[in-house]
$ cat structure16.cif   # mmCIF, C-alpha atoms
data_target
#
loop_
_atom_site.label_atom_id
_atom_site.label_comp_id
_atom_site.auth_asym_id
_atom_site.auth_seq_id
_atom_site.Cartn_x
_atom_site.Cartn_y
_atom_site.Cartn_z
CA PHE W 1 128.67 103.60 144.55
CA ARG W 2 127.98 103.29 140.84
CA MET W 3 128.10 100.16 138.74
CA HIS W 4 128.94 100.25 135.03
CA MET W 5 127.65 97.52 132.72
CA SER W 6 128.08 96.64 129.07
CA PHE W 7 126.15 93.82 127.45
CA ASP W 8 125.13 92.45 124.07
CA ASN W 9 121.42 92.35 123.26
CA ILE W 10 122.01 89.16 121.27
CA ILE W 11 122.41 87.48 124.67
CA PHE W 12 119.40 88.95 126.47
CA ASP W 13 116.65 91.51 125.98
CA GLY W 14 115.19 94.37 128.03
CA PHE W 15 112.96 92.10 130.09
CA SER W 16 115.90 89.83 130.95
CA ILE W 17 118.09 92.81 131.86
CA PHE W 18 115.60 94.02 134.47
CA TYR W 19 115.12 90.44 135.71
CA LEU W 20 118.89 89.98 136.14
CA LEU W 21 119.19 93.30 137.98
CA GLU W 22 116.42 92.17 140.30
CA GLN W 23 118.13 88.80 140.90
CA TRP W 24 121.52 90.41 141.56
CA ASN W 25 119.97 92.80 144.04
CA LYS W 26 118.29 89.92 145.91
CA LEU W 27 121.53 87.94 146.04
CA TYR W 28 123.39 91.04 147.25
CA CYS W 29 120.80 91.40 150.03
CA GLY W 30 121.11 87.71 150.98
CA GLU W 31 117.73 86.69 149.55
CA THR W 32 116.98 83.63 147.45
CA VAL W 33 116.17 83.84 143.74
CA ARG W 34 114.16 81.63 141.41
CA TYR W 35 115.99 79.93 138.55
CA CYS W 36 114.87 77.74 135.68
CA GLU W 37 115.55 74.20 136.83
CA LYS W 38 114.79 72.40 133.55
CA LEU W 39 113.90 74.82 130.78
CA THR W 40 116.76 76.27 128.71
CA PHE W 41 116.83 78.99 126.10
CA ARG W 42 117.75 76.31 123.54
CA ASP W 43 114.49 74.50 124.39
CA TYR W 44 112.61 77.74 123.83
CA VAL W 45 114.19 78.40 120.41
CA LEU W 46 113.56 74.83 119.24
CA THR W 47 109.91 75.08 120.30
CA LEU W 48 109.51 78.29 118.28
CA GLU W 49 111.03 76.57 115.26
CA LYS W 50 108.47 73.77 115.56
CA MET W 51 105.70 76.38 115.46
CA LYS W 52 106.68 77.13 111.86
CA SER W 53 105.11 73.85 110.81
CA THR W 54 101.72 74.75 112.30
CA ASP W 55 98.68 75.97 110.37
CA LYS W 56 98.67 79.19 112.41
CA TYR W 57 102.20 80.07 111.29
CA LYS W 58 101.31 79.38 107.65
CA GLU W 59 98.23 81.59 108.04
CA ASP W 60 100.35 84.40 109.51
CA LEU W 61 102.96 84.04 106.77
CA ASN W 62 100.30 84.31 104.07
CA TYR W 63 98.98 87.44 105.78
CA TRP W 64 102.41 89.10 105.66
CA LYS W 65 103.05 88.00 102.08
CA GLU W 66 100.01 90.09 101.17
CA ARG W 67 100.92 92.95 103.52
CA VAL W 68 104.38 93.48 101.98
CA LYS W 69 102.74 94.30 98.64
CA THR W 70 101.47 97.60 100.08
CA LEU W 71 103.97 98.17 102.91
CA PRO W 72 105.65 101.59 102.53
CA ALA W 73 109.36 102.29 102.87
CA ALA W 74 111.04 103.57 106.03
CA PRO W 75 110.81 107.33 106.73
CA GLN W 76 112.67 109.19 103.99
CA LEU W 77 114.71 111.45 106.23
CA PRO W 78 117.32 113.97 105.06
CA ILE W 79 120.62 112.07 105.16
CA ILE W 80 124.19 112.85 104.15
CA ALA W 81 125.61 110.99 101.16
CA GLU W 82 129.10 110.70 102.66
CA ARG W 83 128.81 109.28 106.16
CA LYS W 84 131.96 109.92 108.15
CA ASN W 85 130.76 109.42 111.73
CA THR W 86 128.49 106.46 112.52
CA ASP W 87 128.67 106.74 116.32
CA PHE W 88 125.44 106.79 118.30
CA THR W 89 124.45 109.76 120.44
CA ARG W 90 121.77 109.56 123.13
CA PHE W 91 119.22 112.29 123.81
CA GLU W 92 117.08 112.00 126.93
CA PHE W 93 114.00 113.51 128.49
CA GLN W 94 112.03 112.68 131.64
CA LEU W 95 108.37 112.99 132.56
CA GLU W 96 107.40 113.13 136.21
CA SER W 97 104.78 110.69 137.47
CA LYS W 98 101.92 113.20 137.45
CA GLU W 99 102.78 114.23 133.87
CA TRP W 100 102.87 110.83 132.19
CA LYS W 101 99.96 109.52 134.25
CA LYS W 102 97.88 112.46 133.02
CA ILE W 103 98.68 111.47 129.44
CA ALA W 104 97.88 107.83 130.25
CA LYS W 105 94.51 108.83 131.75
CA ILE W 106 93.55 110.82 128.67
CA ALA W 107 94.70 107.97 126.43
CA GLU W 108 92.63 105.45 128.39
CA SER W 109 89.54 107.67 128.07
CA LYS W 110 89.98 107.47 124.28
CA HIS W 111 90.55 103.67 124.39
CA LEU W 112 94.22 104.09 123.56
CA THR W 113 97.34 102.77 125.25
CA LEU W 114 100.08 105.09 126.48
CA SER W 115 102.60 103.44 124.14
CA ILE W 116 100.37 104.06 121.12
CA VAL W 117 99.99 107.78 121.93
CA LEU W 118 103.73 108.27 122.38
CA MET W 119 104.52 106.26 119.25
CA ALA W 120 102.03 108.37 117.29
CA ALA W 121 103.73 111.54 118.58
CA TYR W 122 107.09 110.11 117.44
CA ALA W 123 105.56 109.40 114.02
CA GLU W 124 104.20 112.94 113.78
CA VAL W 125 107.68 114.39 114.28
CA LEU W 126 109.20 111.96 111.77
CA GLY W 127 106.48 112.97 109.31
CA ARG W 128 107.60 116.60 109.49
CA TYR W 129 111.02 115.67 108.10
CA SER W 130 110.23 112.65 105.92
CA LEU W 131 109.60 113.17 102.19
CA SER W 132 106.45 111.09 102.66
CA LYS W 133 104.07 110.93 105.59
CA HIS W 134 103.32 107.31 104.67
CA PHE W 135 106.11 105.10 106.02
CA THR W 136 106.99 102.01 108.08
CA LEU W 137 108.22 102.01 111.67
CA ASN W 138 110.22 99.10 113.05
CA LEU W 139 108.77 98.15 116.45
CA THR W 140 110.77 96.24 119.04
CA ARG W 141 108.54 93.97 121.11
CA PHE W 142 109.43 91.85 124.14
CA GLN W 143 107.43 88.68 123.61
CA LYS W 144 107.69 85.40 125.49
CA ALA W 145 105.61 82.52 124.21
CA PRO W 146 104.02 80.67 127.18
CA ILE W 147 105.55 77.32 126.28
CA ASP W 148 106.40 76.19 129.83
CA SER W 149 105.64 77.00 133.47
CA GLU W 150 109.27 78.13 133.92
CA VAL W 151 109.36 80.51 130.95
CA ASP W 152 108.90 83.61 133.14
CA TYR W 153 112.23 82.84 134.82
CA LEU W 154 114.13 82.25 131.58
CA VAL W 155 116.83 84.73 130.55
CA GLY W 156 117.56 85.31 126.86
CA ASP W 157 116.74 87.41 123.84
CA PHE W 158 112.97 87.24 123.36
CA THR W 159 112.71 90.38 121.25
CA THR W 160 110.80 90.26 118.01
CA LEU W 161 110.23 92.97 115.45
CA THR W 162 107.01 94.19 113.90
CA LEU W 163 106.91 96.34 110.77
CA LEU W 164 104.09 98.81 111.33
CA GLU W 165 102.55 100.90 108.56
CA ILE W 166 102.10 104.57 109.48
CA ASP W 167 99.89 106.71 107.24
CA LEU W 168 99.68 110.28 108.51
CA TYR W 169 97.60 111.26 105.49
CA ARG W 170 94.70 109.38 107.09
CA GLY W 171 92.83 111.10 109.88
CA ALA W 172 92.07 114.79 110.27
CA THR W 173 93.18 114.93 113.92
CA PHE W 174 95.93 113.49 116.08
CA LEU W 175 93.33 111.35 117.90
CA GLU W 176 92.10 109.84 114.62
CA ARG W 177 95.65 109.04 113.59
CA CYS W 178 96.33 107.42 117.00
CA LEU W 179 93.26 105.21 116.58
CA ASP W 180 94.31 104.32 113.03
CA ILE W 181 97.80 103.29 114.20
CA GLN W 182 96.36 101.24 117.06
CA ASN W 183 93.89 99.46 114.77
CA GLN W 184 96.67 98.61 112.30
CA LEU W 185 98.89 97.29 115.10
CA HIS W 186 96.09 95.12 116.51
CA GLN W 187 95.48 93.70 113.07
CA ASP W 188 99.17 92.91 112.58
CA MET W 189 99.58 91.49 116.09
CA ALA W 190 96.95 88.88 115.28
CA HIS W 191 99.62 87.44 112.96
CA SER W 192 102.65 87.78 115.23
CA LEU W 193 104.18 84.32 114.74
CA VAL W 194 106.07 85.77 111.78
CA SER W 195 108.83 88.13 112.90
CA GLY W 196 109.78 91.45 111.36
CA VAL W 197 113.03 89.92 110.09
CA GLU W 198 111.05 87.34 108.12
CA VAL W 199 108.75 90.08 106.83
CA GLU W 200 111.77 92.04 105.59
CA ARG W 201 112.87 88.93 103.68
CA GLU W 202 109.43 88.64 102.10
CA LEU W 203 109.57 92.34 101.27
CA ALA W 204 112.94 91.85 99.58
CA ARG W 205 111.53 88.97 97.51
CA TRP W 206 108.51 91.04 96.48
CA THR W 207 110.52 94.13 95.49
CA GLY W 208 113.46 92.19 94.06
CA SER W 209 115.84 94.23 96.18
CA SER W 210 118.35 92.85 98.70
CA GLY W 211 118.89 96.22 100.35
CA ILE W 212 115.59 96.49 102.22
CA SER W 213 116.12 98.16 105.59
CA MET W 214 113.79 99.58 108.24
CA PRO W 215 116.26 101.62 110.31
CA VAL W 216 113.85 103.85 112.26
CA VAL W 217 112.83 102.04 115.44
CA PHE W 218 110.38 102.49 118.31
CA THR W 219 110.94 100.50 121.51
CA SER W 220 108.41 100.67 124.33
CA GLY W 221 109.59 99.12 127.57
CA ILE W 222 106.43 100.17 129.39
CA GLY W 223 105.21 97.20 131.38
CA ILE W 224 108.27 94.95 131.13
CA ASN W 225 109.14 95.69 134.78
CA PHE W 226 105.51 96.07 135.87
CA GLY W 227 105.18 96.39 139.65
CA LYS W 228 108.95 96.72 140.08
CA GLU W 229 109.53 100.24 138.75
CA ASN W 230 110.94 101.34 142.11
CA SER W 231 114.73 101.58 142.31
CA ASN W 232 114.71 99.40 145.45
CA SER W 233 113.93 96.40 143.21
CA TYR W 234 117.33 96.77 141.54
CA PHE W 235 120.65 98.37 142.53
CA GLY W 236 119.30 101.91 142.38
CA ASN W 237 118.44 104.40 139.67
CA ILE W 238 119.69 103.88 136.14
CA ILE W 239 121.77 107.02 135.60
CA TYR W 240 122.76 106.68 131.95
CA GLY W 241 122.49 104.20 129.13
CA GLU W 242 123.06 103.99 125.40
CA SER W 243 122.28 101.36 122.79
CA GLN W 244 124.04 100.74 119.49
CA THR W 245 122.34 98.52 116.96
CA PRO W 246 123.61 97.61 113.47
CA GLN W 247 121.42 98.85 110.59
CA VAL W 248 119.54 101.23 112.92
CA TRP W 249 119.59 105.00 112.39
CA MET W 250 117.32 106.06 115.21
CA ASP W 251 115.72 104.21 118.13
CA HIS W 252 113.19 105.96 120.37
CA GLN W 253 112.89 104.11 123.69
CA LEU W 254 110.42 104.41 126.57
CA SER W 255 110.70 103.03 130.09
CA ILE W 256 109.36 103.71 133.58
CA GLN W 257 111.85 103.69 136.43
CA ASN W 258 111.28 104.90 139.98
CA VAL W 259 107.83 106.25 138.88
CA LYS W 260 109.39 108.56 136.26
CA MET W 261 109.06 108.00 132.53
CA TYR W 262 112.36 108.01 130.66
CA LEU W 263 112.28 108.90 126.96
CA SER W 264 115.49 108.42 125.03
CA TRP W 265 116.59 108.64 121.42
CA ASP W 266 119.72 106.79 120.29
CA VAL W 267 120.67 108.38 116.97
CA VAL W 268 123.49 108.13 114.42
CA LEU W 269 123.91 111.90 114.12
CA GLY W 270 126.48 111.62 111.36
CA LEU W 271 123.84 110.28 108.98
CA PHE W 272 121.58 113.32 109.00
CA SER W 273 121.94 116.66 107.29
#
$ encode --input "structure16.cif" --output "structure tokens"
Amino acid sequence: FRMHMSFDNIIFDGFSIFYLLEQWNKLYCGETVRYCEKLTFRDYVLTLEKMKSTDKYKEDLNYWKERVKTLPAAPQLPIIAERKNTDFTRFEFQLESKEWKKIAKIAESKHLTLSIVLMAAYAEVLGRYSLSKHFTLNLTRFQKAPIDSEVDYLVGDFTTLTLLEIDLYRGATFLERCLDIQNQLHQDMAHSLVSGVEVERELARWTGSSGISMPVVFTSGIGINFGKENSNSYFGNIIYGESQTPQVWMDHQLSIQNVKMYLSWDVVLGLFS
């Protein structure tokens, strides 16, 4: 049989979706599941709010206040002035285990992660169509702060955004550009208490514009279901999916399911010429 699901990502994120599918499968098979007995998502949110009064948060905020002064715009892609159709369309591609593991092995030999290499490839394609090869990508990250021993069992929306500068003018080779992107991401991740949404607000203050938007997104789900990529952990293979996010034009997503790598692009086709 096939099961059809529709859900709102305001309620829970990619990590929580896989965790719920795992729980439902265990309950269906008569097994017991682990729940949060005390910790609630409200507790988690309130704890994050308290972090904003710490010296570390203030340090991170100062870092991003300086970063926005040189942060480039989103990719300047060819778009249509009159947008009639704003529906999302999904494009998909799959890599067999031996194919993506070969890429991962090469990446590891160059001290790169698989996500970085695939994000850099995405950026290279965007650079072919953007008016400038110097732009900002909006990264979706699944991040849980280790505030409690039960946090791993908590379901909710733990996504945070990171605005990542991409400069394809730097580096003579694809490898050099991969390393440059990874170095920039590591530098930014050292100041991750400030979310991409807050950075966009700082960017709007700096530029004096209220229309700041970073609509080109990269979402790597590699690792969020680590050790449970087999379909037996859930209800079976995920046959089809599609995401629709306000203020997003294009979202490139990666995931590993049943040892295959799934690459998808959710795109508002009606925006592009």
$ residues_near_point --input "structure16.cif" --point "(96.0, 99.3, 116.9)" --cutoff "12 Å" --atoms "only C-alpha atoms" --output "ChimeraX atom specification"
/W:111-117,119-120,164-166,176-190
$ atom_distance --input "structure16.cif" --atom1 "atom CA of W:Asp251" --atom2 "atom CA of W:Ser192"
21.2 Å
$ closest_residue --input "structure16.cif" --among "W:Leu95, W:Val45, W:Leu254, W:Leu161" --to "W:Ile222" --atoms "all atoms listed in the file"
W:Leu254
$ residues_near_point --input "structure16.cif" --point "(106.4, 88.0, 108.6)" --cutoff "9 Å" --atoms "all atoms listed in the file" --output "PDB file with C-alpha atoms, keeping the file's coordinate frame"
ATOM      1  CA  ASP W  60     100.350  84.400 109.510  1.00  0.00           C
ATOM      2  CA  LEU W  61     102.960  84.040 106.770  1.00  0.00           C
ATOM      3  CA  ASN W  62     100.300  84.310 104.070  1.00  0.00           C
ATOM      4  CA  TYR W  63      98.980  87.440 105.780  1.00  0.00           C
ATOM      5  CA  TRP W  64     102.410  89.100 105.660  1.00  0.00           C
ATOM      6  CA  LYS W  65     103.050  88.000 102.080  1.00  0.00           C
ATOM      7  CA  ARG W  67     100.920  92.950 103.520  1.00  0.00           C
ATOM      8  CA  VAL W  68     104.380  93.480 101.980  1.00  0.00           C
ATOM      9  CA  THR W 162     107.010  94.190 113.900  1.00  0.00           C
ATOM     10  CA  LEU W 163     106.910  96.340 110.770  1.00  0.00           C
ATOM     11  CA  HIS W 191      99.620  87.440 112.960  1.00  0.00           C
ATOM     12  CA  SER W 192     102.650  87.780 115.230  1.00  0.00           C
ATOM     13  CA  LEU W 193     104.180  84.320 114.740  1.00  0.00           C
ATOM     14  CA  VAL W 194     106.070  85.770 111.780  1.00  0.00           C
ATOM     15  CA  SER W 195     108.830  88.130 112.900  1.00  0.00           C
ATOM     16  CA  GLY W 196     109.780  91.450 111.360  1.00  0.00           C
ATOM     17  CA  VAL W 197     113.030  89.920 110.090  1.00  0.00           C
ATOM     18  CA  GLU W 198     111.050  87.340 108.120  1.00  0.00           C
ATOM     19  CA  VAL W 199     108.750  90.080 106.830  1.00  0.00           C
ATOM     20  CA  GLU W 200     111.770  92.040 105.590  1.00  0.00           C
ATOM     21  CA  ARG W 201     112.870  88.930 103.680  1.00  0.00           C
ATOM     22  CA  GLU W 202     109.430  88.640 102.100  1.00  0.00           C
TER      23      GLU W 202
END
$ residues_around --input "structure16.cif" --residues "W:Asp43" --least-positions-apart "2" --cutoff "12 Å" --atoms "all atoms listed in the file" --output "list in words"
Cys36, Lys38, Leu39, Thr40, Phe41, Val45, Leu46, Thr47, Leu48, Glu49, Lys50, Ala145, Ile147, Asp148, Glu150, Val151, Leu154 and Gly156 of chain W
$ axis_aligned_box --input "structure16.cif" --around "stretch 44-55 of chain W" --padding-each-side "5 Å" --output "AutoDock Vina command-line options"
--center_x 106.4 --center_y 76.1 --center_z 117.1 --size_x 25.5 --size_y 14.6 --size_z 23.5
$ resolve_selection --input "structure16.cif" --expression "the PyMOL selection byres ((chain W and resi 93) around 9)" --output "VMD selection string"
chain W and resid 91 to 92 94 to 95 261 to 265
$ write_last_selection --input "structure16.cif" --atoms "C-alpha atoms" --output "PDB file, in the frame of the given file"
ATOM      1  CA  PHE W  91     119.220 112.290 123.810  1.00  0.00           C
ATOM      2  CA  GLU W  92     117.080 112.000 126.930  1.00  0.00           C
ATOM      3  CA  GLN W  94     112.030 112.680 131.640  1.00  0.00           C
ATOM      4  CA  LEU W  95     108.370 112.990 132.560  1.00  0.00           C
ATOM      5  CA  MET W 261     109.060 108.000 132.530  1.00  0.00           C
ATOM      6  CA  TYR W 262     112.360 108.010 130.660  1.00  0.00           C
ATOM      7  CA  LEU W 263     112.280 108.900 126.960  1.00  0.00           C
ATOM      8  CA  SER W 264     115.490 108.420 125.030  1.00  0.00           C
ATOM      9  CA  TRP W 265     116.590 108.640 121.420  1.00  0.00           C
TER      10      TRP W 265
END
$ closest_residue --input "structure16.cif" --among "W:Ser16, W:Leu175, W:Leu21, W:Ser109" --to "W:Asn237" --atoms "only C-alpha atoms"
W:Leu21
$ closest_residue --input "structure16.cif" --among "W:Leu20, W:Ile238, W:Ile103, W:Met214" --to "W:Arg34" --atoms "all atoms listed in the file"
W:Leu20
$ closest_residue --input "structure16.cif" --among "W:Thr136, W:Thr86, W:Gln247, W:Gln257" --to "W:Ala73" --atoms "all atoms listed in the file"
W:Thr136
$ residues_around --input "structure16.cif" --residues "W:Ala123" --least-positions-apart "5" --cutoff "12 Å" --atoms "only C-alpha atoms" --output "number ranges by chain"
W: 74-75, 116-118, 128-130, 132-139, 164-169, 174, 177-178, 181, 216-218, 252
$ atom_distance --input "structure16.cif" --atom1 "atom CA of W:Glu31" --atom2 "atom CA of W:Phe18"
16.9 Å
